[in-house]
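Reviewing the structure listed below.
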Amino acid sequence: MSAGNGFDPKSAPYLDSIEVVEVQRGPEPGGVGGVYRAFGETLRGLKTTMARLIEGPMTIEYPEEKTPVYPRFRGRHKLHKFEDTGLEKCVGCSLCAAACPADCIRVVAAENIPGERVSAGERFAAVYEINLSRCIFCGYCEIACPFDAITMGHDYEMADYDRRDLIFTKEMLLAESVERTPLKSEGE
Amino acid sequence: MLPFADTTFAEETWIMVVKSIVIFAVIFGILPILTVVERKLIGRFQHRYGPNRVGPYGLLQPLADVGKLISKESFRPENATKTLFILGPLLPVLAGVLSLAIIPWGDVQGGVGFYGIDVPIGILYFFAVGSIAFYGLLLGGWSSGSKYSLLGAMRSAAQLISYEVSMGLALLGVVMMSGSLSLVSIVHSQGEMWFIVPQLVGFLIFMLAGFAETNRTPFDMPEADAELVQGFMTEYGGMRFGSFLLVEYMEILVVSGIAAAMFLGGWMGPGPSWLDPIWMLTKMLGLVLVFIWIRATLPRLRYDQLMTLGWKILLPLATLNVLVTAILVVVW
């Protein structure tokens, strides 16, 4: 590999010869050859645009079509219940609130009264609120939770007109959320 | 006095009136559709859909656009020259409509010529009227009292001078081969072979100059939005701005029409004679699609490149084309 400008890579031992890249320069513009090349390049450009036309649009028309998300996509949170007993998984330990960097989770725990059990543990979350206008969707709450009571869902359509409406209560988080977002299929 | 072309017949006045109305209606029916087609096609060229929200397939988009433009204020800057500022957008519209008259849509059938008017000086008329359009552009730019408008107007003047010459020379070859300036007789003389075959160079030069004449990319220097905001249109708003836009599309149609008549055999095509106007329209719209395709492909030329292309390449090439054609016409 020799550079055309008389530069010998071996004279510069600190340079690995692979790193020396010859600069590719096109022919000088102008003249009859320049006109010919410009014309040829124009035709090439026309071919390129026509190929794009034939490929067709790749727009996803958002409100009607939605981009599928990955299964690990971190959307709006969900609280879970045990499927067999119907008891809440959350025991009000506040580990999620402690892990939250945005400080957007508020948990107030209360003792379970026998006969009126709310959760499977000793205590339960009397108040569980997530302020979604502060949440940064980092997913630390999901990692911190020892009982898999809170997970990140796939819903990303959370725009609202009032900031107060973005504070999600326990009932809202527990409710079976509408599946508004398509999931990416295998290999997509 | 030398007869330039044979005027074989004269028509009744009411036929002329009906013809004008029909041509007007057809062209002004096509123009709005053309704007949507252009935007949709440019979109497709860029992997997009283009406008598709207003009406079926976005076909009502021009209606919405015009509605918006009409409802806008027709703003006039304080230091603008009033009369000239108002005259600016009117002249190009007038010129565009006037040049529509000479586009031949068909032969004389049943005592009616399928064209606005068969002027014996055909192409000269086209050039003369086309230059009036540039007056409007220049006046509009100059009278706006804005530096961007002035610069845009100056550029368009320079561009006009540079490309009008090559355009005329490119058509001269066809004129020599057919021996007439009248567009109708030029189409007639293409019975055996369309002039695009012997005059391919002329056709390419004419189309290139046509892009420049209509201020389309890659020659949209007068309105170069990156450096001149909107060039001569900068200070215009509302429907005055809209009429400049309208003129651009009208000029595209006119240039395509002239090119179709001079190089692509005009109304000639297979089928019965009543199909003639359809053939002409098809050829015209085909050329319009080329305009759009080029716009989607090429970036704007730099000012010096524009001048170089006009004077150093197109002009010598067009002159050479005329010279060779002249020799061949004499020899044959």
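Order determines the names: the first chain of the structure tokens is A, the second B, and so forth; residues in each chain are numbered 1 upward, and ligands are numbered 1 upward as they are shown.
If you count only C-alpha atoms and ignore residues fewer than 5 places along the chain from Ile27 in chain B, what sits within 9 Å of it is Val22, Leu100, Met250 and Leu253 of chain B.
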How would the residues just chosen look if you wrote them out with C-alpha atoms as a PDB file, in the first residue's frame?
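See again-v4.pdb below for the written result:
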```pdb
ATOM      1  CA  VAL B  22     -62.740  25.463 -22.357  1.00  0.00           C
ATOM      2  CA  LEU B 100     -51.698  29.061 -22.949  1.00  0.00           C
ATOM      3  CA  MET B 250     -48.901  27.462 -15.089  1.00  0.00           C
ATOM      4  CA  LEU B 253     -47.619  23.504 -17.997  1.00  0.00           C
TER       5      LEU B 253
END
```
List as a Markdown table every residue of range 46-105 of chain A that is in contact with range 131-139 of chain A, defined as an atom at most 12 Å from one of its atoms (using only C-alpha atoms), together with the nearest atom pair and the distance in Å rounded to one decimal, sorted by chain and then rising number.
```
| residue | atom | partner | partner_atom | distance |
| --- | --- | --- | --- | --- |
| A:Arg72 | CA | A:Gly139 | CA | 10.2 |
| A:Phe73 | CA | A:Phe137 | CA | 9.7 |
| A:Arg74 | CA | A:Phe137 | CA | 6.2 |
| A:Gly75 | CA | A:Phe137 | CA | 6.8 |
| A:Arg76 | CA | A:Phe137 | CA | 7.8 |
| A:His77 | CA | A:Phe137 | CA | 8.7 |
| A:Lys78 | CA | A:Gly139 | CA | 11.5 |
| A:Cys96 | CA | A:Gly139 | CA | 9.6 |
| A:Ala97 | CA | A:Asn131 | CA | 11.3 |
| A:Ala99 | CA | A:Gly139 | CA | 9.5 |
| A:Cys100 | CA | A:Cys138 | CA | 8.4 |
| A:Pro101 | CA | A:Ile136 | CA | 8.3 |
| A:Ala102 | CA | A:Cys135 | CA | 6.0 |
| A:Asp103 | CA | A:Arg134 | CA | 7.8 |
| A:Cys104 | CA | A:Asn131 | CA | 5.1 |
| A:Ile105 | CA | A:Asn131 | CA | 6.5 |
```
For the residues selected in the previous step, produce a file with N, CA and C atoms as an mmCIF file, in the first residue's frame.
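The new file selection28.cif reads:
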```cif
data_model
loop_
_atom_site.group_PDB
_atom_site.id
_atom_site.type_symbol
_atom_site.label_atom_id
_atom_site.label_comp_id
_atom_site.auth_asym_id
_atom_site.auth_seq_id
_atom_site.Cartn_x
_atom_site.Cartn_y
_atom_site.Cartn_z
ATOM 1 N N ARG A 72 -39.401 -5.760 26.489
ATOM 2 C CA ARG A 72 -38.755 -5.147 27.645
ATOM 3 C C ARG A 72 -38.971 -3.640 27.688
ATOM 4 N N PHE A 73 -39.773 -3.117 26.775
ATOM 5 C CA PHE A 73 -40.050 -1.673 26.748
ATOM 6 C C PHE A 73 -40.591 -1.205 28.094
ATOM 7 N N ARG A 74 -40.076 -0.094 28.585
ATOM 8 C CA ARG A 74 -40.513 0.408 29.881
ATOM 9 C C ARG A 74 -41.561 1.501 29.700
ATOM 10 N N GLY A 75 -42.804 1.085 29.789
ATOM 11 C CA GLY A 75 -43.896 2.046 29.683
ATOM 12 C C GLY A 75 -44.501 2.336 31.044
ATOM 13 N N ARG A 76 -45.822 2.574 31.057
ATOM 14 C CA ARG A 76 -46.500 2.885 32.321
ATOM 15 C C ARG A 76 -46.479 1.687 33.281
ATOM 16 N N HIS A 77 -46.372 1.968 34.576
ATOM 17 C CA HIS A 77 -46.257 0.886 35.558
ATOM 18 C C HIS A 77 -47.572 0.123 35.697
ATOM 19 N N LYS A 78 -47.423 -1.110 36.211
ATOM 20 C CA LYS A 78 -48.594 -1.914 36.551
ATOM 21 C C LYS A 78 -48.339 -2.514 37.922
ATOM 22 N N CYS A 96 -39.384 0.327 46.444
ATOM 23 C CA CYS A 96 -39.476 1.008 45.145
ATOM 24 C C CYS A 96 -39.321 2.507 45.329
ATOM 25 N N ALA A 97 -39.975 3.040 46.367
ATOM 26 C CA ALA A 97 -39.881 4.471 46.625
ATOM 27 C C ALA A 97 -38.449 4.856 46.968
ATOM 28 N N ALA A 99 -35.783 3.287 45.878
ATOM 29 C CA ALA A 99 -34.930 3.136 44.704
ATOM 30 C C ALA A 99 -35.188 4.230 43.679
ATOM 31 N N CYS A 100 -36.344 4.847 43.778
ATOM 32 C CA CYS A 100 -36.747 5.772 42.703
ATOM 33 C C CYS A 100 -35.859 7.008 42.672
ATOM 34 N N PRO A 101 -35.128 7.254 41.586
ATOM 35 C CA PRO A 101 -34.255 8.422 41.509
ATOM 36 C C PRO A 101 -35.048 9.716 41.343
ATOM 37 N N ALA A 102 -36.246 9.615 40.800
ATOM 38 C CA ALA A 102 -37.040 10.825 40.576
ATOM 39 C C ALA A 102 -37.953 11.119 41.750
ATOM 40 N N ASP A 103 -37.964 10.219 42.707
ATOM 41 C CA ASP A 103 -38.766 10.393 43.915
ATOM 42 C C ASP A 103 -40.244 10.608 43.580
ATOM 43 N N CYS A 104 -40.767 9.735 42.758
ATOM 44 C CA CYS A 104 -42.141 9.957 42.306
ATOM 45 C C CYS A 104 -43.109 8.935 42.878
ATOM 46 N N ILE A 105 -42.603 7.997 43.709
ATOM 47 C CA ILE A 105 -43.494 6.987 44.265
ATOM 48 C C ILE A 105 -43.763 7.314 45.727
#
```
Practice problem: Would you work out the distance separating CA of Phe232 in chain B from CA of Gly141 in chain B, expressed in Å to one decimal? | Solution: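 Taking CA of Phe232 in chain B as the start and CA of Gly141 in chain B as the end point, the length is 4.1 Å.
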Quiz item: If you run DSSP on the backbone, which residues of chain A are helix (DSSP H, G or I), as a PyMOL selection string?
Solution: chain A and resi 9-11+17-19+31-55+95-99+140-144+163-166+170-174
Quiz prompt | Closest of B:Ala80, B:Ile327, B:Leu204, B:Val229 to chain A - atom-to-atom distances counting only C-alpha atoms | solution =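 So, comparing all the options, the nearest one is B:Leu204.
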